[in-house]
Amino acid sequence: MKYFLAVAREENITRAADFLCVTQPSLTRQIQNMEKEVGQPLFIRAGRKMVLTEAGMLLRKRAEEIVELYDKAEHEWLNLTDDVNGEVFIGGGETYGITILMDAVREMHKTYPNIKIHIHSGDMVDVCDRLDKGLIDFGLLMQPADLSKYENIRLPYVDRWGLLMHKDHPLANKEYITPNDIKDVPIMQSRHSLPKSAITEWYKSVAVNLVGTYNLLNNAAFAAYCKIGCVLCIDKLINTTNSDLVFRPLNPPVEVELDVVWKKYQVFSKSAQIFLKYLKEKIS
């Protein structure tokens with residue numbers, strides 16, 4: 001799998017072989033054996049360039065997940081000692097609520113400074129997928145979310161939705177934003193809040209001029225800065241102090257609760273168990 005991924009990344013047998021410190025003929029045989037095993041070509045040869053076929057692209061996605069999961073498991077095996085120096089993997093969307101988890105990490109590091117924390121940013125579908133596959137230990141989910149197959153802890157914090165815009169925008173003079181205020185206003189919205197969410201319910205009575213979507217708010221904020229449109233987003237993610245941007249909350253208010261979740265019957269590594277202990281203490 002690692003050989004295949006190296007060729008897919010380098011798009012060249014020679015460069016991949018140099019990276020892997022193996023001979024070119026040996027690497028070529030490995031790829032040929034893989035193609036025989038799956039029963040179809042994984043690459044299209046175009047001169048010296050190796051381009052993935054449709055089957056190759058599917059295998060690449062699965063291979064990345066397999067290798068990542070193996071590396072995670074291998075690290076856990078090598079750290080089954082009395083000295084706690086393992087890793088904790090957390091996934092979640094952009095939210096100020098992550099500070100509660102980081103407060104728990106800070107307290108944990110006072111006693112266990114060698115535990116490393118890895119944070120993966122993604123939408124709810126991505127986080128749940130990685131959680132189900134064992135690629136992360138904990139997920140941070142915004143409501144509404146289906147928690148039926150997870151254990152969960154509700155955080156003592158709610159995210160507040162509002163409108164991010166340039167300070168020169170006419171709506172910047174308002175104390176709060178109503179659905180009628182955004183009628184015909186160019187709007188950017190988070191992809192994970194489409195097609196149905198608390199925010200789409202909030203503006204369902206008006207026609208919204210949706211000019212684009214975003215995954216990471218830091219990048220979308222430049223759309224507001226460049227006056228392309230206003231951004232429906234969560235508060236406290238963009239620092240608007242001494243900035244050309246302003247944030248105005250929605251009215252009626254749109255607030256969402258947050259849950260830290262993990263798989264039911266999950267067998268945690270020692271590091272993950274310790275983190276969960278500190279998180280529960282922090283919340284209580």
# chains A, B, ... in the order shown; residues from 1 in each chain; ligands from 1
call {"tool": "residues_around", "arguments": {"residues": "region 206-221 of chain A", "least_positions_apart": "5", "cutoff": "12 Å", "atoms": "only C-alpha atoms", "output": "VMD selection string"}}
result
chain A and resid 92 to 95 121 to 124 126 163 to 166 178 to 195 199 to 201 226 to 240 243 to 247
call {"tool": "write_last_selection", "arguments": {"atoms": "C-alpha atoms", "output": "PDB file, in the first residue's frame"}}
result
ATOM      1  CA  GLY A  92     -14.370  18.293  14.710  1.00  0.00           C
ATOM      2  CA  GLY A  93     -15.695  21.306  12.876  1.00  0.00           C
ATOM      3  CA  GLU A  94     -14.597  24.859  13.512  1.00  0.00           C
ATOM      4  CA  THR A  95     -15.969  25.970  16.875  1.00  0.00           C
ATOM      5  CA  SER A 121     -10.820  19.583  11.043  1.00  0.00           C
ATOM      6  CA  GLY A 122     -13.798  18.459   8.986  1.00  0.00           C
ATOM      7  CA  ASP A 123     -17.565  18.559   8.677  1.00  0.00           C
ATOM      8  CA  MET A 124     -19.899  16.209  10.550  1.00  0.00           C
ATOM      9  CA  ASP A 126     -16.172  13.476   7.622  1.00  0.00           C
ATOM     10  CA  LEU A 163     -23.360  37.344   9.891  1.00  0.00           C
ATOM     11  CA  LEU A 164     -19.752  38.283   9.174  1.00  0.00           C
ATOM     12  CA  MET A 165     -19.349  41.269   6.854  1.00  0.00           C
ATOM     13  CA  HIS A 166     -17.153  44.198   5.909  1.00  0.00           C
ATOM     14  CA  THR A 178     -33.172  39.265  10.856  1.00  0.00           C
ATOM     15  CA  PRO A 179     -34.116  36.958   7.956  1.00  0.00           C
ATOM     16  CA  ASN A 180     -35.608  39.892   6.047  1.00  0.00           C
ATOM     17  CA  ASP A 181     -32.304  41.774   6.349  1.00  0.00           C
ATOM     18  CA  ILE A 182     -30.466  39.219   4.200  1.00  0.00           C
ATOM     19  CA  LYS A 183     -33.084  39.071   1.453  1.00  0.00           C
ATOM     20  CA  ASP A 184     -31.221  39.480  -1.875  1.00  0.00           C
ATOM     21  CA  VAL A 185     -27.897  40.022  -0.031  1.00  0.00           C
ATOM     22  CA  PRO A 186     -25.009  37.942  -1.472  1.00  0.00           C
ATOM     23  CA  ILE A 187     -24.431  35.221   1.128  1.00  0.00           C
ATOM     24  CA  MET A 188     -21.778  32.544   1.686  1.00  0.00           C
ATOM     25  CA  GLN A 189     -22.708  29.592   3.887  1.00  0.00           C
ATOM     26  CA  SER A 190     -20.908  26.616   5.388  1.00  0.00           C
ATOM     27  CA  ARG A 191     -21.312  23.474   3.276  1.00  0.00           C
ATOM     28  CA  HIS A 192     -22.036  21.296   6.301  1.00  0.00           C
ATOM     29  CA  SER A 193     -25.084  23.455   7.170  1.00  0.00           C
ATOM     30  CA  LEU A 194     -26.677  22.675   3.783  1.00  0.00           C
ATOM     31  CA  PRO A 195     -29.219  21.578   2.674  1.00  0.00           C
ATOM     32  CA  ILE A 199     -29.561  28.052   9.953  1.00  0.00           C
ATOM     33  CA  THR A 200     -31.559  27.077   6.845  1.00  0.00           C
ATOM     34  CA  GLU A 201     -34.670  26.859   9.042  1.00  0.00           C
ATOM     35  CA  CYS A 226     -13.128  41.695  -0.328  1.00  0.00           C
ATOM     36  CA  LYS A 227     -16.841  42.639  -0.256  1.00  0.00           C
ATOM     37  CA  ILE A 228     -17.918  39.628  -2.329  1.00  0.00           C
ATOM     38  CA  GLY A 229     -20.677  38.877   0.144  1.00  0.00           C
ATOM     39  CA  CYS A 230     -21.601  38.339   3.781  1.00  0.00           C
ATOM     40  CA  VAL A 231     -20.783  35.086   5.542  1.00  0.00           C
ATOM     41  CA  LEU A 232     -23.218  33.144   7.720  1.00  0.00           C
ATOM     42  CA  CYS A 233     -20.984  31.675  10.393  1.00  0.00           C
ATOM     43  CA  ILE A 234     -20.401  30.948  14.072  1.00  0.00           C
ATOM     44  CA  ASP A 235     -19.199  33.583  16.500  1.00  0.00           C
ATOM     45  CA  LYS A 236     -15.714  33.793  18.072  1.00  0.00           C
ATOM     46  CA  LEU A 237     -13.879  32.127  15.172  1.00  0.00           C
ATOM     47  CA  ILE A 238     -12.762  35.359  13.480  1.00  0.00           C
ATOM     48  CA  ASN A 239     -11.171  38.105  15.549  1.00  0.00           C
ATOM     49  CA  THR A 240     -12.993  41.303  14.571  1.00  0.00           C
ATOM     50  CA  SER A 243     -10.500  44.717  11.984  1.00  0.00           C
ATOM     51  CA  ASP A 244     -12.310  45.678   8.771  1.00  0.00           C
ATOM     52  CA  LEU A 245     -14.773  42.887   9.555  1.00  0.00           C
ATOM     53  CA  VAL A 246     -17.730  42.912  11.933  1.00  0.00           C
ATOM     54  CA  PHE A 247     -19.961  40.134  13.296  1.00  0.00           C
TER      55      PHE A 247
END
call {"tool": "residues_around", "arguments": {"residues": "Ile98 (chain A)", "least_positions_apart": "6", "cutoff": "12 Å", "atoms": "only C-alpha atoms", "output": "short mmCIF file (atom, residue, chain, number, x, y, z; two decimals) with all heavy atoms, in the first residue's frame"}}
result
data_model
loop_
_atom_site.label_atom_id
_atom_site.label_comp_id
_atom_site.auth_asym_id
_atom_site.auth_seq_id
_atom_site.Cartn_x
_atom_site.Cartn_y
_atom_site.Cartn_z
N ILE A 90 -8.40 13.73 17.72
CA ILE A 90 -9.68 14.41 17.88
C ILE A 90 -10.10 15.02 16.55
O ILE A 90 -9.28 15.63 15.85
CB ILE A 90 -9.57 15.54 18.94
CG1 ILE A 90 -9.12 14.96 20.29
CG2 ILE A 90 -10.89 16.28 19.09
CD1 ILE A 90 -8.73 16.02 21.30
N GLY A 91 -11.36 14.86 16.19
CA GLY A 91 -11.88 15.46 14.96
C GLY A 91 -13.07 16.36 15.28
O GLY A 91 -13.82 16.10 16.22
N GLY A 92 -13.23 17.41 14.48
CA GLY A 92 -14.37 18.29 14.71
C GLY A 92 -14.42 19.44 13.72
O GLY A 92 -13.45 19.68 12.99
N ALA A 104 -8.73 20.92 28.89
CA ALA A 104 -8.50 19.59 29.46
C ALA A 104 -7.10 19.09 29.09
O ALA A 104 -6.41 18.46 29.90
CB ALA A 104 -9.57 18.62 28.97
N VAL A 105 -6.69 19.35 27.85
CA VAL A 105 -5.34 18.95 27.41
C VAL A 105 -4.28 19.66 28.25
O VAL A 105 -3.28 19.05 28.66
CB VAL A 105 -5.15 19.26 25.92
CG1 VAL A 105 -3.69 19.07 25.51
CG2 VAL A 105 -6.05 18.37 25.06
N ILE A 119 -5.32 17.01 15.92
CA ILE A 119 -6.65 17.56 15.64
C ILE A 119 -6.92 17.53 14.14
O ILE A 119 -6.11 18.02 13.35
CB ILE A 119 -6.77 19.00 16.16
CG1 ILE A 119 -6.53 19.03 17.68
CG2 ILE A 119 -8.15 19.58 15.84
CD1 ILE A 119 -6.49 20.42 18.26
N HIS A 120 -8.04 16.94 13.77
CA HIS A 120 -8.47 16.89 12.36
C HIS A 120 -9.71 17.75 12.21
O HIS A 120 -10.70 17.57 12.92
CB HIS A 120 -8.79 15.45 11.94
CG HIS A 120 -9.40 15.34 10.58
ND1 HIS A 120 -8.65 15.35 9.43
CD2 HIS A 120 -10.69 15.25 10.19
CE1 HIS A 120 -9.45 15.26 8.38
NE2 HIS A 120 -10.70 15.19 8.82
N SER A 121 -9.67 18.71 11.29
CA SER A 121 -10.82 19.58 11.04
C SER A 121 -11.63 19.04 9.86
O SER A 121 -11.06 18.72 8.82
CB SER A 121 -10.36 21.02 10.74
OG SER A 121 -9.71 21.58 11.85
N PHE A 138 -11.99 10.68 19.29
CA PHE A 138 -13.12 11.49 19.72
C PHE A 138 -13.55 12.43 18.59
O PHE A 138 -12.72 12.89 17.81
CB PHE A 138 -12.75 12.33 20.95
CG PHE A 138 -12.28 11.53 22.13
CD1 PHE A 138 -10.92 11.35 22.35
CD2 PHE A 138 -13.18 10.94 22.99
CE1 PHE A 138 -10.48 10.61 23.43
CE2 PHE A 138 -12.74 10.19 24.08
CZ PHE A 138 -11.39 10.02 24.29
N GLY A 139 -14.85 12.69 18.55
CA GLY A 139 -15.38 13.66 17.60
C GLY A 139 -16.12 14.76 18.34
O GLY A 139 -16.75 14.51 19.38
N LEU A 140 -16.03 15.98 17.81
CA LEU A 140 -16.77 17.11 18.37
C LEU A 140 -17.85 17.49 17.38
O LEU A 140 -17.56 17.99 16.29
CB LEU A 140 -15.81 18.29 18.61
CG LEU A 140 -16.43 19.56 19.22
CD1 LEU A 140 -17.13 19.25 20.54
CD2 LEU A 140 -15.36 20.63 19.43
N LEU A 141 -19.11 17.21 17.72
CA LEU A 141 -20.23 17.36 16.80
C LEU A 141 -21.18 18.47 17.25
O LEU A 141 -21.45 18.62 18.44
CB LEU A 141 -21.01 16.05 16.69
CG LEU A 141 -20.25 14.80 16.26
CD1 LEU A 141 -21.21 13.62 16.15
CD2 LEU A 141 -19.50 15.01 14.96
N MET A 142 -21.69 19.21 16.26
CA MET A 142 -22.72 20.20 16.51
C MET A 142 -24.09 19.56 16.34
O MET A 142 -24.28 18.70 15.49
CB MET A 142 -22.60 21.36 15.52
CG MET A 142 -21.33 22.16 15.63
SD MET A 142 -21.30 23.49 14.40
CE MET A 142 -19.65 24.13 14.67
N LEU A 155 -21.25 19.48 26.01
CA LEU A 155 -20.39 20.55 26.51
C LEU A 155 -21.22 21.70 27.09
O LEU A 155 -22.31 21.99 26.60
CB LEU A 155 -19.51 21.11 25.38
CG LEU A 155 -18.48 20.16 24.76
CD1 LEU A 155 -17.60 20.93 23.77
CD2 LEU A 155 -17.61 19.51 25.82
N PRO A 156 -20.71 22.36 28.13
CA PRO A 156 -21.42 23.50 28.73
C PRO A 156 -21.18 24.77 27.92
O PRO A 156 -20.70 25.78 28.44
CB PRO A 156 -20.79 23.59 30.12
CG PRO A 156 -19.40 23.09 29.92
CD PRO A 156 -19.49 22.00 28.88
N TYR A 157 -21.50 24.72 26.66
CA TYR A 157 -21.25 25.86 25.76
C TYR A 157 -22.15 25.71 24.55
O TYR A 157 -22.43 24.59 24.09
CB TYR A 157 -19.78 25.86 25.31
CG TYR A 157 -19.46 26.90 24.26
CD1 TYR A 157 -19.24 28.22 24.61
CD2 TYR A 157 -19.40 26.55 22.91
CE1 TYR A 157 -18.96 29.18 23.65
CE2 TYR A 157 -19.12 27.50 21.95
CZ TYR A 157 -18.90 28.81 22.32
OH TYR A 157 -18.64 29.76 21.35
N VAL A 158 -22.64 26.82 24.00
CA VAL A 158 -23.41 26.79 22.77
C VAL A 158 -22.78 27.74 21.76
O VAL A 158 -22.25 28.80 22.12
CB VAL A 158 -24.90 27.19 22.99
CG1 VAL A 158 -25.62 26.14 23.81
CG2 VAL A 158 -25.01 28.57 23.62
N ASP A 159 -22.79 27.34 20.50
CA ASP A 159 -22.31 28.19 19.42
C ASP A 159 -23.43 29.12 18.98
O ASP A 159 -24.59 28.70 18.86
CB ASP A 159 -21.85 27.35 18.23
CG ASP A 159 -20.39 26.96 18.34
OD1 ASP A 159 -19.59 27.78 18.82
OD2 ASP A 159 -20.04 25.83 17.93
N LYS A 236 -16.98 33.99 17.35
CA LYS A 236 -15.71 33.79 18.07
C LYS A 236 -14.66 33.04 17.28
O LYS A 236 -13.62 32.67 17.83
CB LYS A 236 -15.94 33.07 19.41
CG LYS A 236 -16.78 33.87 20.40
CD LYS A 236 -16.86 33.14 21.73
CE LYS A 236 -17.69 33.96 22.73
NZ LYS A 236 -17.77 33.30 24.04
N LEU A 237 -14.89 32.80 15.99
CA LEU A 237 -13.88 32.13 15.17
C LEU A 237 -13.00 33.13 14.44
O LEU A 237 -11.85 32.82 14.11
CB LEU A 237 -14.55 31.18 14.17
CG LEU A 237 -15.29 29.99 14.78
CD1 LEU A 237 -15.91 29.14 13.68
CD2 LEU A 237 -14.36 29.15 15.64
N LEU A 258 -23.16 21.41 21.57
CA LEU A 258 -22.00 20.63 21.12
C LEU A 258 -21.85 19.38 21.98
O LEU A 258 -22.07 19.42 23.19
CB LEU A 258 -20.73 21.46 21.22
CG LEU A 258 -20.68 22.76 20.42
CD1 LEU A 258 -19.48 23.59 20.84
CD2 LEU A 258 -20.61 22.46 18.93
N ASP A 259 -21.44 18.29 21.33
CA ASP A 259 -21.19 17.03 22.03
C ASP A 259 -19.83 16.48 21.65
O ASP A 259 -19.45 16.49 20.47
CB ASP A 259 -22.25 15.99 21.69
CG ASP A 259 -23.61 16.32 22.27
OD1 ASP A 259 -23.85 15.89 23.41
OD2 ASP A 259 -24.41 17.00 21.59
N VAL A 260 -19.10 15.99 22.65
CA VAL A 260 -17.93 15.17 22.39
C VAL A 260 -18.41 13.72 22.34
O VAL A 260 -19.09 13.26 23.27
CB VAL A 260 -16.86 15.34 23.48
CG1 VAL A 260 -15.68 14.40 23.23
CG2 VAL A 260 -16.38 16.78 23.52
N LEU A 279 -11.13 15.39 30.56
CA LEU A 279 -12.23 16.11 29.95
C LEU A 279 -13.47 16.07 30.84
O LEU A 279 -14.14 17.09 31.04
CB LEU A 279 -12.55 15.52 28.57
CG LEU A 279 -13.71 16.16 27.82
CD1 LEU A 279 -13.44 17.64 27.54
CD2 LEU A 279 -14.01 15.43 26.52
#
call {"tool": "residues_around", "arguments": {"residues": "Leu5 (chain A)", "least_positions_apart": "2", "cutoff": "8 Å", "atoms": "only C-alpha atoms", "output": "ChimeraX atom specification"}}
result
/A:1-3,7-9,60,63-64
call {"tool": "write_last_selection", "arguments": {"atoms": "all heavy atoms", "output": "PDB file, in the first residue's frame"}}
result
ATOM      1  N   MET A   1       0.823  -1.198   0.000  1.00  0.00           N
ATOM      2  CA  MET A   1       0.000   0.000   0.000  1.00  0.00           C
ATOM      3  C   MET A   1       0.866   1.261   0.000  1.00  0.00           C
ATOM      4  O   MET A   1       0.584   2.226  -0.715  1.00  0.00           O
ATOM      5  CB  MET A   1      -0.912   0.002   1.243  1.00  0.00           C
ATOM      6  CG  MET A   1      -2.037  -1.009   1.202  1.00  0.00           C
ATOM      7  SD  MET A   1      -3.271  -0.651  -0.095  1.00  0.00           S
ATOM      8  CE  MET A   1      -4.442  -1.960   0.225  1.00  0.00           C
ATOM      9  N   LYS A   2       1.931   1.252   0.830  1.00  0.00           N
ATOM     10  CA  LYS A   2       2.811   2.422   0.874  1.00  0.00           C
ATOM     11  C   LYS A   2       3.544   2.613  -0.451  1.00  0.00           C
ATOM     12  O   LYS A   2       3.762   3.744  -0.897  1.00  0.00           O
ATOM     13  CB  LYS A   2       3.800   2.289   2.027  1.00  0.00           C
ATOM     14  CG  LYS A   2       3.146   2.407   3.398  1.00  0.00           C
ATOM     15  CD  LYS A   2       4.151   2.309   4.527  1.00  0.00           C
ATOM     16  CE  LYS A   2       3.474   2.475   5.882  1.00  0.00           C
ATOM     17  NZ  LYS A   2       4.431   2.361   7.001  1.00  0.00           N
ATOM     18  N   TYR A   3       3.929   1.509  -1.096  1.00  0.00           N
ATOM     19  CA  TYR A   3       4.570   1.605  -2.412  1.00  0.00           C
ATOM     20  C   TYR A   3       3.602   2.208  -3.430  1.00  0.00           C
ATOM     21  O   TYR A   3       3.953   3.100  -4.207  1.00  0.00           O
ATOM     22  CB  TYR A   3       5.015   0.217  -2.895  1.00  0.00           C
ATOM     23  CG  TYR A   3       6.267  -0.312  -2.220  1.00  0.00           C
ATOM     24  CD1 TYR A   3       6.863   0.364  -1.157  1.00  0.00           C
ATOM     25  CD2 TYR A   3       6.853  -1.496  -2.643  1.00  0.00           C
ATOM     26  CE1 TYR A   3       8.000  -0.122  -0.546  1.00  0.00           C
ATOM     27  CE2 TYR A   3       8.013  -1.989  -2.048  1.00  0.00           C
ATOM     28  CZ  TYR A   3       8.569  -1.297  -0.990  1.00  0.00           C
ATOM     29  OH  TYR A   3       9.702  -1.773  -0.392  1.00  0.00           O
ATOM     30  N   VAL A   7       3.931   5.901  -5.560  1.00  0.00           N
ATOM     31  CA  VAL A   7       3.847   6.072  -7.014  1.00  0.00           C
ATOM     32  C   VAL A   7       2.713   7.023  -7.375  1.00  0.00           C
ATOM     33  O   VAL A   7       2.856   7.878  -8.252  1.00  0.00           O
ATOM     34  CB  VAL A   7       3.650   4.702  -7.715  1.00  0.00           C
ATOM     35  CG1 VAL A   7       3.493   4.886  -9.229  1.00  0.00           C
ATOM     36  CG2 VAL A   7       4.835   3.783  -7.436  1.00  0.00           C
ATOM     37  N   ALA A   8       1.571   6.895  -6.697  1.00  0.00           N
ATOM     38  CA  ALA A   8       0.439   7.783  -6.961  1.00  0.00           C
ATOM     39  C   ALA A   8       0.799   9.230  -6.665  1.00  0.00           C
ATOM     40  O   ALA A   8       0.390  10.147  -7.388  1.00  0.00           O
ATOM     41  CB  ALA A   8      -0.769   7.343  -6.127  1.00  0.00           C
ATOM     42  N   ARG A   9       1.579   9.442  -5.618  1.00  0.00           N
ATOM     43  CA  ARG A   9       1.962  10.802  -5.242  1.00  0.00           C
ATOM     44  C   ARG A   9       3.009  11.376  -6.203  1.00  0.00           C
ATOM     45  O   ARG A   9       2.906  12.524  -6.636  1.00  0.00           O
ATOM     46  CB  ARG A   9       2.507  10.809  -3.820  1.00  0.00           C
ATOM     47  CG  ARG A   9       2.884  12.200  -3.319  1.00  0.00           C
ATOM     48  CD  ARG A   9       3.429  12.162  -1.906  1.00  0.00           C
ATOM     49  NE  ARG A   9       4.668  11.392  -1.811  1.00  0.00           N
ATOM     50  CZ  ARG A   9       4.767  10.202  -1.237  1.00  0.00           C
ATOM     51  NH1 ARG A   9       3.718   9.644  -0.681  1.00  0.00           N
ATOM     52  NH2 ARG A   9       5.914   9.555  -1.196  1.00  0.00           N
ATOM     53  N   ARG A  60      -6.609   4.418  -3.919  1.00  0.00           N
ATOM     54  CA  ARG A  60      -5.799   5.415  -3.208  1.00  0.00           C
ATOM     55  C   ARG A  60      -6.511   5.908  -1.955  1.00  0.00           C
ATOM     56  O   ARG A  60      -5.889   6.010  -0.890  1.00  0.00           O
ATOM     57  CB  ARG A  60      -5.499   6.596  -4.133  1.00  0.00           C
ATOM     58  CG  ARG A  60      -4.648   7.663  -3.472  1.00  0.00           C
ATOM     59  CD  ARG A  60      -4.338   8.800  -4.425  1.00  0.00           C
ATOM     60  NE  ARG A  60      -3.350   9.703  -3.869  1.00  0.00           N
ATOM     61  CZ  ARG A  60      -2.782  10.694  -4.537  1.00  0.00           C
ATOM     62  NH1 ARG A  60      -3.103  10.917  -5.814  1.00  0.00           N
ATOM     63  NH2 ARG A  60      -1.878  11.467  -3.971  1.00  0.00           N
ATOM     64  N   ALA A  63      -6.431   3.076   0.519  1.00  0.00           N
ATOM     65  CA  ALA A  63      -5.066   2.813   0.962  1.00  0.00           C
ATOM     66  C   ALA A  63      -4.609   3.855   1.975  1.00  0.00           C
ATOM     67  O   ALA A  63      -3.932   3.527   2.957  1.00  0.00           O
ATOM     68  CB  ALA A  63      -4.121   2.792  -0.243  1.00  0.00           C
ATOM     69  N   GLU A  64      -4.965   5.120   1.747  1.00  0.00           N
ATOM     70  CA  GLU A  64      -4.594   6.170   2.701  1.00  0.00           C
ATOM     71  C   GLU A  64      -5.220   5.909   4.059  1.00  0.00           C
ATOM     72  O   GLU A  64      -4.583   6.085   5.099  1.00  0.00           O
ATOM     73  CB  GLU A  64      -5.020   7.535   2.154  1.00  0.00           C
ATOM     74  CG  GLU A  64      -4.174   8.012   0.981  1.00  0.00           C
ATOM     75  CD  GLU A  64      -4.732   9.263   0.323  1.00  0.00           C
ATOM     76  OE1 GLU A  64      -5.922   9.572   0.545  1.00  0.00           O
ATOM     77  OE2 GLU A  64      -3.979   9.921  -0.422  1.00  0.00           O
TER      78      GLU A  64
END
call {"tool": "closest_residue", "arguments": {"among": "A:Gln273, A:Lys204, A:Asn12, A:Leu59", "to": "Gln24 (chain A)", "atoms": "only C-alpha atoms"}}
result
A:Asn12
call {"tool": "select_by_dssp", "arguments": {"residues": "region 10-259 of chain A", "states": "helix (DSSP H, G or I)", "output": "VMD selection string"}}
result
chain A and resid 10 13 to 20 24 to 38 54 to 78 98 to 111 124 to 132 170 to 173 179 to 182 191 to 193 198 to 202 217 to 225
call {"tool": "closest_residue", "arguments": {"among": "A:Ser271, A:Asp71, A:Gly162, A:Glu10", "to": "Asn85 (chain A)", "atoms": "only C-alpha atoms"}}
result
A:Ser271
call {"tool": "atom_distance", "arguments": {"atom1": "CA of Leu250 (chain A)", "atom2": "CA of Trp202 (chain A)"}}
result
8.9 Å
call {"tool": "closest_residue", "arguments": {"among": "A:Glu175, A:Glu281, A:Asp168, A:Glu151", "to": "Lys263 (chain A)", "atoms": "only C-alpha atoms"}}
result
A:Glu151
call {"tool": "select_by_dssp", "arguments": {"residues": "region 54-115 of chain A", "states": "strand (DSSP E or B)", "output": "list in words"}}
result
Glu87, Val88, Phe89, Ile90, Gly91 and Gly92 of chain A
call {"tool": "closest_residue", "arguments": {"among": "A:Cys21, A:Met108, A:Ala55, A:Ala6", "to": "Tyr278 (chain A)", "atoms": "only C-alpha atoms"}}
result
A:Met108
call {"tool": "closest_residue", "arguments": {"among": "A:Lys149, A:Ser284, A:Phe89, A:Lys116", "to": "Glu68 (chain A)", "atoms": "only C-alpha atoms"}}
result
A:Phe89
call {"tool": "residues_around", "arguments": {"residues": "Arg48 (chain A)", "least_positions_apart": "3", "cutoff": "12 Å", "atoms": "only C-alpha atoms", "output": "ChimeraX atom specification"}}
result
/A:7,10-16,43-45,51
